[in-house]
$ cat my_file12.pdb   # PDB, C-alpha atoms
ATOM      1  CA  MET A   8     131.413  79.593  48.591
ATOM      2  CA  ALA A   9     128.158  78.016  47.435
ATOM      3  CA  THR A  10     126.101  75.922  49.829
ATOM      4  CA  ILE A  11     123.438  73.287  49.232
ATOM      5  CA  SER A  12     120.712  75.839  50.034
ATOM      6  CA  ASP A  13     121.821  77.840  46.983
ATOM      7  CA  ILE A  14     120.325  75.101  44.787
ATOM      8  CA  SER A  15     116.708  76.031  44.178
ATOM      9  CA  ASN A  16     115.422  72.659  42.981
ATOM     10  CA  GLU A  17     114.440  70.487  45.925
ATOM     11  CA  PHE A  18     114.852  67.201  44.035
ATOM     12  CA  VAL A  19     118.407  68.034  42.924
ATOM     13  CA  ARG A  20     119.226  69.247  46.446
ATOM     14  CA  ASN A  21     117.944  66.004  47.969
ATOM     15  CA  GLU A  22     119.807  63.877  45.423
ATOM     16  CA  ILE A  23     123.107  65.553  46.308
ATOM     17  CA  GLU A  24     122.445  65.362  50.036
ATOM     18  CA  GLU A  25     121.334  61.752  49.963
ATOM     19  CA  TYR A  26     123.647  60.135  47.426
ATOM     20  CA  ILE A  27     126.824  62.175  46.942
ATOM     21  CA  GLU A  28     129.010  61.169  49.831
ATOM     22  CA  GLN A  29     132.532  62.165  48.767
ATOM     23  CA  PRO A  30     133.187  65.759  49.929
ATOM     24  CA  ASP A  31     135.056  66.829  46.778
ATOM     25  CA  GLU A  32     132.317  65.528  44.463
ATOM     26  CA  ARG A  33     129.604  67.015  46.656
ATOM     27  CA  GLY A  34     131.387  70.378  46.652
ATOM     28  CA  GLN A  35     131.813  70.362  42.876
ATOM     29  CA  LEU A  36     128.170  69.509  42.278
ATOM     30  CA  ILE A  37     126.937  72.144  44.717
ATOM     31  CA  THR A  38     129.139  74.745  43.019
ATOM     32  CA  THR A  39     127.827  73.666  39.614
ATOM     33  CA  PHE A  40     124.125  73.523  40.448
ATOM     34  CA  ALA A  41     124.146  76.699  42.560
ATOM     35  CA  LYS A  42     124.956  78.605  39.350
ATOM     36  CA  VAL A  43     122.408  76.766  37.220
ATOM     37  CA  ARG A  44     119.136  78.442  36.289
ATOM     38  CA  PRO A  45     115.992  76.879  37.852
ATOM     39  CA  GLU A  46     114.706  75.772  34.423
ATOM     40  CA  MET A  47     117.897  73.800  33.831
ATOM     41  CA  GLN A  48     117.717  72.339  37.327
ATOM     42  CA  GLU A  49     114.240  71.088  36.464
ATOM     43  CA  ILE A  50     115.618  69.316  33.396
ATOM     44  CA  ALA A  51     118.429  67.850  35.490
ATOM     45  CA  ALA A  52     115.955  66.614  38.112
ATOM     46  CA  ALA A  53     113.818  64.913  35.484
ATOM     47  CA  LEU A  54     116.861  63.261  33.897
ATOM     48  CA  ILE A  55     118.123  61.928  37.240
ATOM     49  CA  ASP A  56     114.620  60.556  37.798
ATOM     50  CA  GLY A  57     114.687  58.882  34.368
ATOM     51  CA  ALA A  58     111.532  60.797  33.366
ATOM     52  CA  HIS A  59     112.162  60.990  29.631
ATOM     53  CA  HIS A  60     108.788  62.555  28.742
ATOM     54  CA  THR A  61     109.441  65.379  31.191
ATOM     55  CA  VAL A  62     112.980  65.945  29.880
ATOM     56  CA  ASP A  63     111.514  65.986  26.382
ATOM     57  CA  GLU A  64     108.899  68.637  27.254
ATOM     58  CA  LEU A  65     111.145  70.813  29.394
ATOM     59  CA  THR A  66     114.004  70.860  26.894
ATOM     60  CA  GLN A  67     111.682  71.854  24.094
ATOM     61  CA  LYS A  68     110.199  74.590  26.282
ATOM     62  CA  VAL A  69     113.519  76.172  27.307
ATOM     63  CA  LEU A  70     114.915  76.077  23.786
ATOM     64  CA  GLU A  71     111.761  77.702  22.433
ATOM     65  CA  ALA A  72     112.140  80.342  25.129
ATOM     66  CA  GLY A  73     115.590  81.151  23.767
ATOM     67  CA  ALA A  74     117.975  79.088  25.904
ATOM     68  CA  GLU A  75     121.318  78.198  24.317
ATOM     69  CA  ALA A  76     121.757  74.561  23.353
ATOM     70  CA  LEU A  77     125.117  74.395  25.113
ATOM     71  CA  GLU A  78     123.539  75.660  28.325
ATOM     72  CA  VAL A  79     120.971  72.856  28.146
ATOM     73  CA  MET A  80     123.741  70.327  27.553
ATOM     74  CA  ASP A  81     126.030  71.650  30.299
ATOM     75  CA  ASP A  82     123.584  72.599  33.031
ATOM     76  CA  GLY A  83     120.667  70.284  32.362
ATOM     77  CA  LEU A  84     121.871  67.084  30.757
ATOM     78  CA  ILE A  85     125.576  66.590  31.494
ATOM     79  CA  ALA A  86     125.427  67.939  35.068
ATOM     80  CA  ALA A  87     122.578  65.521  35.808
ATOM     81  CA  MET A  88     124.449  62.613  34.231
ATOM     82  CA  ARG A  89     127.341  63.249  36.634
ATOM     83  CA  ILE A  90     124.991  62.550  39.549
ATOM     84  CA  VAL A  91     123.658  59.457  37.771
ATOM     85  CA  GLY A  92     127.220  58.193  37.272
ATOM     86  CA  ILE A  93     128.081  58.590  40.937
ATOM     87  CA  LYS A  94     124.838  56.909  42.066
ATOM     88  CA  PHE A  95     125.637  53.990  39.771
ATOM     89  CA  ARG A  96     129.234  53.724  40.955
ATOM     90  CA  GLU A  97     128.044  53.648  44.574
ATOM     91  CA  ASN A  98     125.326  51.016  43.930
ATOM     92  CA  PHE A  99     122.359  53.295  44.616
ATOM     93  CA  ILE A 100     121.070  52.526  41.133
ATOM     94  CA  TYR A 101     121.782  49.769  38.596
ATOM     95  CA  VAL A 102     121.954  49.232  34.842
ATOM     96  CA  PRO A 103     118.180  49.496  34.164
ATOM     97  CA  GLU A 104     118.026  52.886  35.906
ATOM     98  CA  VAL A 105     121.163  54.096  34.078
ATOM     99  CA  LEU A 106     119.591  53.129  30.757
ATOM    100  CA  GLY A 107     116.417  54.990  31.778
ATOM    101  CA  CYS A 108     118.490  58.120  32.435
ATOM    102  CA  ALA A 109     120.327  57.683  29.120
ATOM    103  CA  ARG A 110     116.927  57.482  27.415
ATOM    104  CA  ALA A 111     115.928  60.728  29.137
ATOM    105  CA  MET A 112     119.160  62.342  27.960
ATOM    106  CA  LYS A 113     118.406  61.213  24.414
ATOM    107  CA  ALA A 114     114.939  62.803  24.723
ATOM    108  CA  GLY A 115     116.615  66.109  25.526
ATOM    109  CA  MET A 116     119.280  65.790  22.840
ATOM    110  CA  LYS A 117     116.530  65.193  20.260
ATOM    111  CA  HIS A 118     115.645  68.900  20.503
ATOM    112  CA  ILE A 119     119.258  69.943  20.099
ATOM    113  CA  GLN A 120     119.589  67.942  16.877
ATOM    114  CA  PRO A 121     117.848  70.549  14.638
ATOM    115  CA  ILE A 122     120.159  73.230  16.037
ATOM    116  CA  LEU A 123     123.149  71.047  15.219
ATOM    117  CA  SER A 124     121.874  70.561  11.678
ATOM    118  CA  ALA A 125     121.312  74.294  11.291
ATOM    119  CA  SER A 126     124.871  74.839  12.510
ATOM    120  CA  GLY A 127     126.221  72.449   9.890
ATOM    121  CA  ILE A 128     127.191  69.822  12.472
ATOM    122  CA  LYS A 129     126.495  66.320  11.250
ATOM    123  CA  PRO A 130     126.451  63.074  13.242
ATOM    124  CA  ILE A 131     129.527  60.885  12.695
ATOM    125  CA  ALA A 132     127.299  58.407  10.848
ATOM    126  CA  LYS A 133     123.992  56.569  11.036
ATOM    127  CA  VAL A 134     124.120  53.150  12.654
ATOM    128  CA  VAL A 135     121.355  50.543  12.594
ATOM    129  CA  MET A 136     121.420  48.402  15.737
ATOM    130  CA  GLY A 137     119.402  45.368  16.767
ATOM    131  CA  THR A 138     119.388  42.060  18.592
ATOM    132  CA  VAL A 139     119.015  39.210  16.106
ATOM    133  CA  LYS A 140     115.930  37.144  15.385
ATOM    134  CA  GLY A 141     114.885  34.900  18.255
ATOM    135  CA  ASP A 142     116.893  36.776  20.855
ATOM    136  CA  LEU A 143     115.272  39.022  23.459
ATOM    137  CA  HIS A 144     118.405  40.009  25.399
ATOM    138  CA  ASP A 145     118.976  43.697  24.949
ATOM    139  CA  ILE A 146     121.166  45.066  27.749
ATOM    140  CA  GLY A 147     124.431  44.752  25.793
ATOM    141  CA  LYS A 148     122.899  46.305  22.702
ATOM    142  CA  ASN A 149     121.369  49.127  24.756
ATOM    143  CA  LEU A 150     124.702  49.904  26.420
ATOM    144  CA  CYS A 151     126.315  50.021  22.959
ATOM    145  CA  ILE A 152     123.603  52.396  21.787
ATOM    146  CA  MET A 153     124.130  54.618  24.826
ATOM    147  CA  MET A 154     127.846  54.838  24.023
ATOM    148  CA  LEU A 155     127.245  55.411  20.304
ATOM    149  CA  HIS A 156     124.843  58.276  21.039
ATOM    150  CA  GLY A 157     127.355  59.765  23.446
ATOM    151  CA  ALA A 158     130.060  59.597  20.792
ATOM    152  CA  GLY A 159     127.923  61.484  18.263
ATOM    153  CA  PHE A 160     126.447  58.702  16.122
ATOM    154  CA  GLU A 161     122.816  58.719  15.022
ATOM    155  CA  VAL A 162     121.383  55.351  16.034
ATOM    156  CA  ILE A 163     118.370  53.576  14.580
ATOM    157  CA  ASP A 164     117.402  51.058  17.245
ATOM    158  CA  LEU A 165     115.457  48.076  15.905
ATOM    159  CA  GLY A 166     115.078  46.546  19.370
ATOM    160  CA  VAL A 167     115.064  42.804  19.980
ATOM    161  CA  ASP A 168     114.093  39.789  17.857
ATOM    162  CA  THR A 169     115.061  41.573  14.635
ATOM    163  CA  LYS A 170     114.517  39.638  11.436
ATOM    164  CA  PRO A 171     117.066  39.846   8.595
ATOM    165  CA  ASP A 172     114.543  41.700   6.419
ATOM    166  CA  GLU A 173     114.077  44.309   9.119
ATOM    167  CA  PHE A 174     117.819  44.983   9.265
ATOM    168  CA  LEU A 175     117.852  45.200   5.494
ATOM    169  CA  ALA A 176     114.906  47.601   5.312
ATOM    170  CA  ALA A 177     116.317  49.862   8.030
ATOM    171  CA  VAL A 178     119.732  50.093   6.373
ATOM    172  CA  GLU A 179     118.152  50.882   3.011
ATOM    173  CA  GLU A 180     115.595  53.337   4.328
ATOM    174  CA  ASN A 181     118.125  55.283   6.400
ATOM    175  CA  GLU A 182     121.026  54.854   3.987
ATOM    176  CA  ALA A 183     123.053  53.771   7.002
ATOM    177  CA  PRO A 184     126.680  52.925   6.262
ATOM    178  CA  LEU A 185     126.976  50.893   9.456
ATOM    179  CA  MET A 186     125.004  48.174  11.204
ATOM    180  CA  GLY A 187     125.446  46.313  14.482
ATOM    181  CA  MET A 188     123.979  42.963  15.477
ATOM    182  CA  SER A 189     123.902  41.508  18.963
ATOM    183  CA  ALA A 190     123.165  37.978  20.171
ATOM    184  CA  LEU A 191     123.447  36.511  23.624
ATOM    185  CA  LEU A 192     122.438  32.933  22.949
ATOM    186  CA  THR A 193     124.471  30.315  21.122
ATOM    187  CA  THR A 194     121.169  29.241  19.555
ATOM    188  CA  THR A 195     120.502  32.668  18.031
ATOM    189  CA  MET A 196     124.079  33.532  17.107
ATOM    190  CA  PRO A 197     123.771  31.779  13.688
ATOM    191  CA  ASN A 198     121.060  34.327  12.806
ATOM    192  CA  MET A 199     123.836  36.875  12.471
ATOM    193  CA  ALA A 200     125.248  34.831   9.592
ATOM    194  CA  VAL A 201     121.751  34.436   8.120
ATOM    195  CA  THR A 202     121.318  38.221   8.216
ATOM    196  CA  ILE A 203     124.661  38.796   6.500
ATOM    197  CA  GLU A 204     123.677  36.254   3.835
ATOM    198  CA  THR A 205     120.440  38.182   3.289
ATOM    199  CA  PHE A 206     122.474  41.311   2.531
ATOM    200  CA  ILE A 207     124.625  39.311   0.093
ATOM    201  CA  ASP A 208     121.523  37.825  -1.594
ATOM    202  CA  GLU A 209     120.035  41.298  -2.034
ATOM    203  CA  ASP A 210     123.339  42.596  -3.400
ATOM    204  CA  LEU A 211     123.603  45.125  -0.581
ATOM    205  CA  ARG A 212     126.528  43.696   1.347
ATOM    206  CA  ASP A 213     129.014  46.209  -0.072
ATOM    207  CA  ASP A 214     126.807  49.126   0.983
ATOM    208  CA  VAL A 215     127.098  48.545   4.699
ATOM    209  CA  ARG A 216     129.788  47.701   7.234
ATOM    210  CA  ILE A 217     128.543  45.093   9.679
ATOM    211  CA  MET A 218     129.721  44.720  13.260
ATOM    212  CA  VAL A 219     128.722  41.959  15.647
ATOM    213  CA  GLY A 220     128.895  41.390  19.378
ATOM    214  CA  GLY A 221     127.402  39.550  22.341
ATOM    215  CA  ALA A 222     128.610  37.175  25.040
ATOM    216  CA  PRO A 223     129.033  34.001  22.926
ATOM    217  CA  VAL A 224     130.410  35.806  19.856
ATOM    218  CA  THR A 225     134.154  35.684  19.188
ATOM    219  CA  GLN A 226     136.470  37.282  16.654
ATOM    220  CA  GLU A 227     136.819  33.878  15.001
ATOM    221  CA  PHE A 228     133.044  33.497  14.639
ATOM    222  CA  ALA A 229     132.763  37.057  13.340
ATOM    223  CA  ASP A 230     135.424  36.321  10.707
ATOM    224  CA  GLU A 231     133.768  33.043   9.718
ATOM    225  CA  MET A 232     130.396  34.653   9.101
ATOM    226  CA  GLY A 233     131.948  37.523   7.148
ATOM    227  CA  ALA A 234     131.310  40.405   9.531
ATOM    228  CA  ASP A 235     133.483  43.504   9.172
ATOM    229  CA  GLY A 236     134.270  43.681  12.846
ATOM    230  CA  TYR A 237     133.690  42.289  16.307
ATOM    231  CA  GLY A 238     133.417  44.238  19.550
ATOM    232  CA  LYS A 239     133.524  42.448  22.873
ATOM    233  CA  ASP A 240     131.782  45.270  24.736
ATOM    234  CA  ALA A 241     130.227  48.717  24.340
ATOM    235  CA  MET A 242     133.591  50.479  24.513
ATOM    236  CA  GLU A 243     134.967  48.361  21.675
ATOM    237  CA  CYS A 244     131.731  48.834  19.754
ATOM    238  CA  VAL A 245     132.270  52.591  19.567
ATOM    239  CA  ALA A 246     135.969  52.270  18.691
ATOM    240  CA  LEU A 247     135.081  49.735  16.014
ATOM    241  CA  ALA A 248     132.268  51.907  14.638
ATOM    242  CA  LYS A 249     134.645  54.873  14.333
ATOM    243  CA  ARG A 250     137.297  52.720  12.661
ATOM    244  CA  LEU A 251     134.873  51.209  10.143
ATOM    245  CA  ILE A 252     133.497  54.633   9.229
ATOM    246  CA  ALA A 253     137.012  56.038   8.824
ATOM    247  CA  GLU A 254     137.963  53.083   6.612
ATOM    248  CA  GLY A 255     134.819  53.631   4.550
ATOM    249  CA  VAL A 256     135.651  57.306   4.073
ATOM    250  CA  GLU A 257     139.225  56.439   3.056
ATOM    251  CA  ALA A 258     138.005  53.787   0.629
ATOM    252  CA  SER A 259     135.513  56.137  -1.016
ATOM    253  CA  GLY A 260     137.911  59.110  -1.001
TER     254      GLY A 260
ATOM    255  CA  MET B  15     117.692  79.787  16.765
ATOM    256  CA  SER B  16     121.296  80.496  17.687
ATOM    257  CA  LYS B  17     123.924  78.215  16.210
ATOM    258  CA  ILE B  18     126.318  75.943  18.050
ATOM    259  CA  ASP B  19     130.070  76.199  17.774
ATOM    260  CA  GLU B  20     131.236  72.802  16.550
ATOM    261  CA  GLN B  21     134.387  72.736  18.691
ATOM    262  CA  GLU B  22     132.367  73.496  21.815
ATOM    263  CA  TYR B  23     129.827  70.821  20.907
ATOM    264  CA  ARG B  24     132.590  68.242  20.370
ATOM    265  CA  LYS B  25     133.968  69.093  23.819
ATOM    266  CA  ARG B  26     130.564  68.231  25.325
ATOM    267  CA  LEU B  27     130.489  64.956  23.415
ATOM    268  CA  GLU B  28     133.880  64.092  24.888
ATOM    269  CA  GLN B  29     132.526  64.793  28.365
ATOM    270  CA  ILE B  30     129.479  62.586  27.712
ATOM    271  CA  SER B  31     131.659  59.809  26.272
ATOM    272  CA  ASP B  32     133.932  59.997  29.298
ATOM    273  CA  LEU B  33     130.953  59.751  31.686
ATOM    274  CA  PHE B  34     129.430  56.868  29.743
ATOM    275  CA  SER B  35     132.760  55.013  29.499
ATOM    276  CA  ARG B  36     133.038  54.966  33.276
ATOM    277  CA  MET B  37     129.470  53.706  33.515
ATOM    278  CA  ILE B  38     130.198  50.920  31.038
ATOM    279  CA  GLN B  39     133.254  49.859  33.035
ATOM    280  CA  ARG B  40     131.125  49.794  36.176
ATOM    281  CA  ALA B  41     128.411  47.822  34.365
ATOM    282  CA  ASP B  42     131.035  45.237  33.346
ATOM    283  CA  GLU B  43     132.310  44.885  36.909
ATOM    284  CA  LEU B  44     128.794  44.665  38.275
ATOM    285  CA  ALA B  45     127.764  41.976  35.777
ATOM    286  CA  ALA B  46     130.033  39.537  37.641
ATOM    287  CA  GLU B  47     127.942  39.818  40.772
ATOM    288  CA  ARG B  48     124.450  40.988  39.820
ATOM    289  CA  CYS B  49     122.106  40.332  36.926
ATOM    290  CA  PRO B  50     122.087  43.450  34.712
ATOM    291  CA  TYR B  51     118.325  43.188  34.211
ATOM    292  CA  LYS B  52     117.667  43.559  37.942
ATOM    293  CA  ASN B  53     116.768  47.124  38.920
ATOM    294  CA  ARG B  54     117.362  48.931  42.192
ATOM    295  CA  LEU B  55     114.085  47.584  43.582
ATOM    296  CA  ASP B  56     115.189  44.003  42.753
ATOM    297  CA  GLN B  57     112.581  43.806  39.992
ATOM    298  CA  CYS B  58     113.306  42.043  36.717
ATOM    299  CA  THR B  59     113.306  44.296  33.638
ATOM    300  CA  ALA B  60     114.052  41.498  31.140
ATOM    301  CA  LYS B  61     111.775  40.935  28.166
ATOM    302  CA  PHE B  62     112.410  37.189  28.361
ATOM    303  CA  GLY B  63     111.644  34.458  30.863
ATOM    304  CA  CYS B  64     114.001  33.660  33.713
ATOM    305  CA  ARG B  65     113.634  31.034  36.418
ATOM    306  CA  ASN B  66     114.511  33.671  39.016
ATOM    307  CA  GLN B  67     111.412  35.717  38.186
ATOM    308  CA  GLY B  68     108.670  35.755  40.835
ATOM    309  CA  LYS B  69     105.157  34.661  40.003
ATOM    310  CA  LEU B  70     103.153  37.803  40.762
ATOM    311  CA  PRO B  71     103.763  41.217  39.232
ATOM    312  CA  THR B  72     104.712  44.069  41.567
ATOM    313  CA  LYS B  73     102.884  47.399  41.656
ATOM    314  CA  GLY B  74     104.766  48.703  38.608
ATOM    315  CA  GLY B  75     103.943  45.572  36.604
ATOM    316  CA  LEU B  76     107.416  44.033  36.802
ATOM    317  CA  LEU B  77     108.146  40.661  38.366
ATOM    318  CA  MET B  78     110.404  40.445  41.395
ATOM    319  CA  CYS B  79     113.808  38.854  40.897
ATOM    320  CA  ASN B  80     114.258  36.042  43.384
ATOM    321  CA  GLY B  81     117.850  35.336  42.339
ATOM    322  CA  ASP B  82     120.449  35.629  45.065
ATOM    323  CA  ASP B  83     123.247  36.513  42.598
ATOM    324  CA  LYS B  84     125.447  33.916  44.265
ATOM    325  CA  LEU B  85     124.830  31.493  41.441
ATOM    326  CA  GLU B  86     125.742  32.161  37.829
ATOM    327  CA  TYR B  87     122.552  34.009  36.981
ATOM    328  CA  ARG B  88     122.791  33.565  33.201
ATOM    329  CA  SER B  89     121.986  29.872  33.552
ATOM    330  CA  ALA B  90     118.509  30.850  34.735
ATOM    331  CA  TRP B  91     117.731  32.853  31.614
ATOM    332  CA  GLU B  92     115.352  31.078  29.292
ATOM    333  CA  SER B  93     115.754  31.290  25.556
ATOM    334  CA  ALA B  94     113.232  33.292  23.574
TER     335      ALA B  94
END
$ encode --input "my_file12.pdb" --output "structure tokens"
Amino acid sequence: MATISDISNEFVRNEIEEYIEQPDERGQLITTFAKVRPEMQEIAAALIDGAHHTVDELTQKVLEAGAEALEVMDDGLIAAMRIVGIKFRENFIYVPEVLGCARAMKAGMKHIQPILSASGIKPIAKVVMGTVKGDLHDIGKNLCIMMLHGAGFEVIDLGVDTKPDEFLAAVEENEAPLMGMSALLTTTMPNMAVTIETFIDEDLRDDVRIMVGGAPVTQEFADEMGADGYGKDAMECVALAKRLIAEGVEASG
Amino acid sequence: MSKIDEQEYRKRLEQISDLFSRMIQRADELAAERCPYKNRLDQCTAKFGCRNQGKLPTKGGLLMCNGDDKLEYRSAWESA
């Protein structure tokens, strides 16, 4: 039976000792990490710490040295995310730290992307995401992006305060079949409709499926402005994105 | 560069989605009692103004959150 001392990386060891309190979870993580190569433990440590530059560098290094992509995913990225999830559940960390870890995971996955392409594995679809003009609230959008990445979408994140022209340019440039807009303020919510109108004016509305979300947004409002779908949270966002893509494939097939 | 088996890759995506789904559920629960922009050090990570933000930046450059989370914190957010 593996023990905590079988884990070579001090940071990972300390994280398990300090934050994983349930015996079954602690046992599982010790068993997992005791078998993990030190290089992968280093990646895991950096991810738990939210150090995206370090995850970026280390992942590139191990892949160049011949590591298998699935080993990096299993032993470096996913194993680390399990610790992050438990820390979040137990209130040792909060949403900003979780998003930092998700960013670090994305930095690692970036190096796996070329291997996926070479293996003929494509993302489900490209999605352009942004918070509308005048709105600087980004937590909801960032949680949606985290979920979309996890589900296998390629996301183009336009950030906050995104003007209609910026949405338009990103969709065109990336040939994205899907776009998501977020607004948290009742004062900025109408900018979703303005953005949709911009797509209509440029004769590009039929090229992209548009989803909307955010605290004040409702299905009724989404219907009124002519969006293709409304998601009340990040879980619905992913389900909606998958449905809209499937409908698009059916329509074109 | 060795290739990835698509089925195996999809299995990993399911694991990631499952992990993230639980985090999203937790984030939803937590939003009822704590501002989502407040980090573990009680610093504000928002890119917008909020009346709960302290006046002086902390060592990392972020402002402290002075909200007690007992009030509806969204009312303190200032529009862009």
$ resolve_selection --input "my_file12.pdb" --expression "the ChimeraX specification (/B :<8) & /A" --output "number ranges by chain"
A: 73, 75-77, 80-81, 85, 88-89, 92, 95-96, 99-104, 122-123, 125-126, 128, 141-144, 146, 150, 153-154, 157-159, 192, 241-242
$ residues_near_point --input "my_file12.pdb" --point "(120.2, 70.9, 29.4)" --cutoff "10 Å" --atoms "only C-alpha atoms" --output "PyMOL selection string"
chain A and resi 46-51+54+62+65-66+69-70+74-87+112+115-116+119
$ atom_distance --input "my_file12.pdb" --atom1 "atom CA of Asp230 of chain A" --atom2 "atom CA of Leu211 of chain A"
18.6 Å
$ resolve_selection --input "my_file12.pdb" --expression "the PyMOL selection byres ((chain A and resi 162-179) around 7)" --output "mmCIF file with C-alpha atoms, in the frame of the given file"
data_model
loop_
_atom_site.group_PDB
_atom_site.id
_atom_site.type_symbol
_atom_site.label_atom_id
_atom_site.label_comp_id
_atom_site.auth_asym_id
_atom_site.auth_seq_id
_atom_site.Cartn_x
_atom_site.Cartn_y
_atom_site.Cartn_z
ATOM 1 C CA LYS A 133 123.992 56.569 11.036
ATOM 2 C CA VAL A 134 124.120 53.150 12.654
ATOM 3 C CA VAL A 135 121.355 50.543 12.594
ATOM 4 C CA MET A 136 121.420 48.402 15.737
ATOM 5 C CA GLY A 137 119.402 45.368 16.767
ATOM 6 C CA THR A 138 119.388 42.060 18.592
ATOM 7 C CA VAL A 139 119.015 39.210 16.106
ATOM 8 C CA LYS A 140 115.930 37.144 15.385
ATOM 9 C CA GLY A 141 114.885 34.900 18.255
ATOM 10 C CA ASP A 142 116.893 36.776 20.855
ATOM 11 C CA LEU A 143 115.272 39.022 23.459
ATOM 12 C CA HIS A 144 118.405 40.009 25.399
ATOM 13 C CA ASP A 145 118.976 43.697 24.949
ATOM 14 C CA ILE A 152 123.603 52.396 21.787
ATOM 15 C CA HIS A 156 124.843 58.276 21.039
ATOM 16 C CA PHE A 160 126.447 58.702 16.122
ATOM 17 C CA GLU A 161 122.816 58.719 15.022
ATOM 18 C CA GLU A 180 115.595 53.337 4.328
ATOM 19 C CA ASN A 181 118.125 55.283 6.400
ATOM 20 C CA GLU A 182 121.026 54.854 3.987
ATOM 21 C CA ALA A 183 123.053 53.771 7.002
ATOM 22 C CA THR A 202 121.318 38.221 8.216
ATOM 23 C CA THR A 205 120.440 38.182 3.289
ATOM 24 C CA PHE A 206 122.474 41.311 2.531
#
$ atom_distance --input "my_file12.pdb" --atom1 "atom CA of Gly255 of chain A" --atom2 "atom CA of Met232 of chain A"
20.0 Å
$ decode --input "my_file12.pdb" --residues "segment 24-29 of chain B" --atoms "all heavy atoms" --output "compact mmCIF listing (two decimals), in the first residue's frame"
# COMPACT_ATOMS: atom_id res chain seq x y z
N ARG B 24 -11.45 10.98 -25.54
CA ARG B 24 -12.84 11.35 -25.16
C ARG B 24 -13.14 10.95 -23.72
O ARG B 24 -13.85 11.65 -23.02
CB ARG B 24 -13.85 10.69 -26.10
CG ARG B 24 -13.70 11.09 -27.56
CD ARG B 24 -14.38 12.43 -27.88
NE ARG B 24 -14.01 12.87 -29.22
CZ ARG B 24 -13.74 14.12 -29.56
NH1 ARG B 24 -13.80 15.09 -28.68
NH2 ARG B 24 -13.40 14.44 -30.80
N LYS B 25 -12.57 9.83 -23.29
CA LYS B 25 -12.77 9.40 -21.89
C LYS B 25 -12.20 10.45 -20.93
O LYS B 25 -12.78 10.76 -19.91
CB LYS B 25 -12.04 8.06 -21.64
CG LYS B 25 -12.84 6.84 -21.98
CD LYS B 25 -12.07 5.60 -21.48
CE LYS B 25 -12.38 4.41 -22.37
NZ LYS B 25 -11.44 3.30 -22.18
N ARG B 26 -11.04 11.00 -21.30
CA ARG B 26 -10.41 12.04 -20.44
C ARG B 26 -11.28 13.30 -20.42
O ARG B 26 -11.42 13.95 -19.39
CB ARG B 26 -9.01 12.39 -20.94
CG ARG B 26 -7.89 11.56 -20.35
CD ARG B 26 -8.06 10.13 -20.67
NE ARG B 26 -6.95 9.29 -20.25
CZ ARG B 26 -6.80 8.05 -20.67
NH1 ARG B 26 -7.66 7.50 -21.54
NH2 ARG B 26 -5.79 7.30 -20.23
N LEU B 27 -11.83 13.63 -21.59
CA LEU B 27 -12.70 14.81 -21.64
C LEU B 27 -13.91 14.63 -20.73
O LEU B 27 -14.34 15.56 -20.06
CB LEU B 27 -13.17 15.09 -23.07
CG LEU B 27 -12.19 15.75 -24.03
CD1 LEU B 27 -12.91 16.11 -25.32
CD2 LEU B 27 -11.53 16.98 -23.44
N GLU B 28 -14.44 13.41 -20.71
CA GLU B 28 -15.58 13.14 -19.82
C GLU B 28 -15.18 13.33 -18.36
O GLU B 28 -15.94 13.87 -17.56
CB GLU B 28 -16.10 11.71 -20.04
CG GLU B 28 -17.02 11.60 -21.24
CD GLU B 28 -17.38 10.17 -21.58
OE1 GLU B 28 -17.38 9.32 -20.68
OE2 GLU B 28 -17.64 9.90 -22.77
N GLN B 29 -13.98 12.87 -18.03
CA GLN B 29 -13.50 13.04 -16.65
C GLN B 29 -13.36 14.52 -16.31
O GLN B 29 -13.74 14.97 -15.22
CB GLN B 29 -12.14 12.37 -16.46
CG GLN B 29 -12.18 10.85 -16.47
CD GLN B 29 -10.78 10.24 -16.44
OE1 GLN B 29 -9.82 10.85 -16.00
NE2 GLN B 29 -10.67 9.01 -16.93
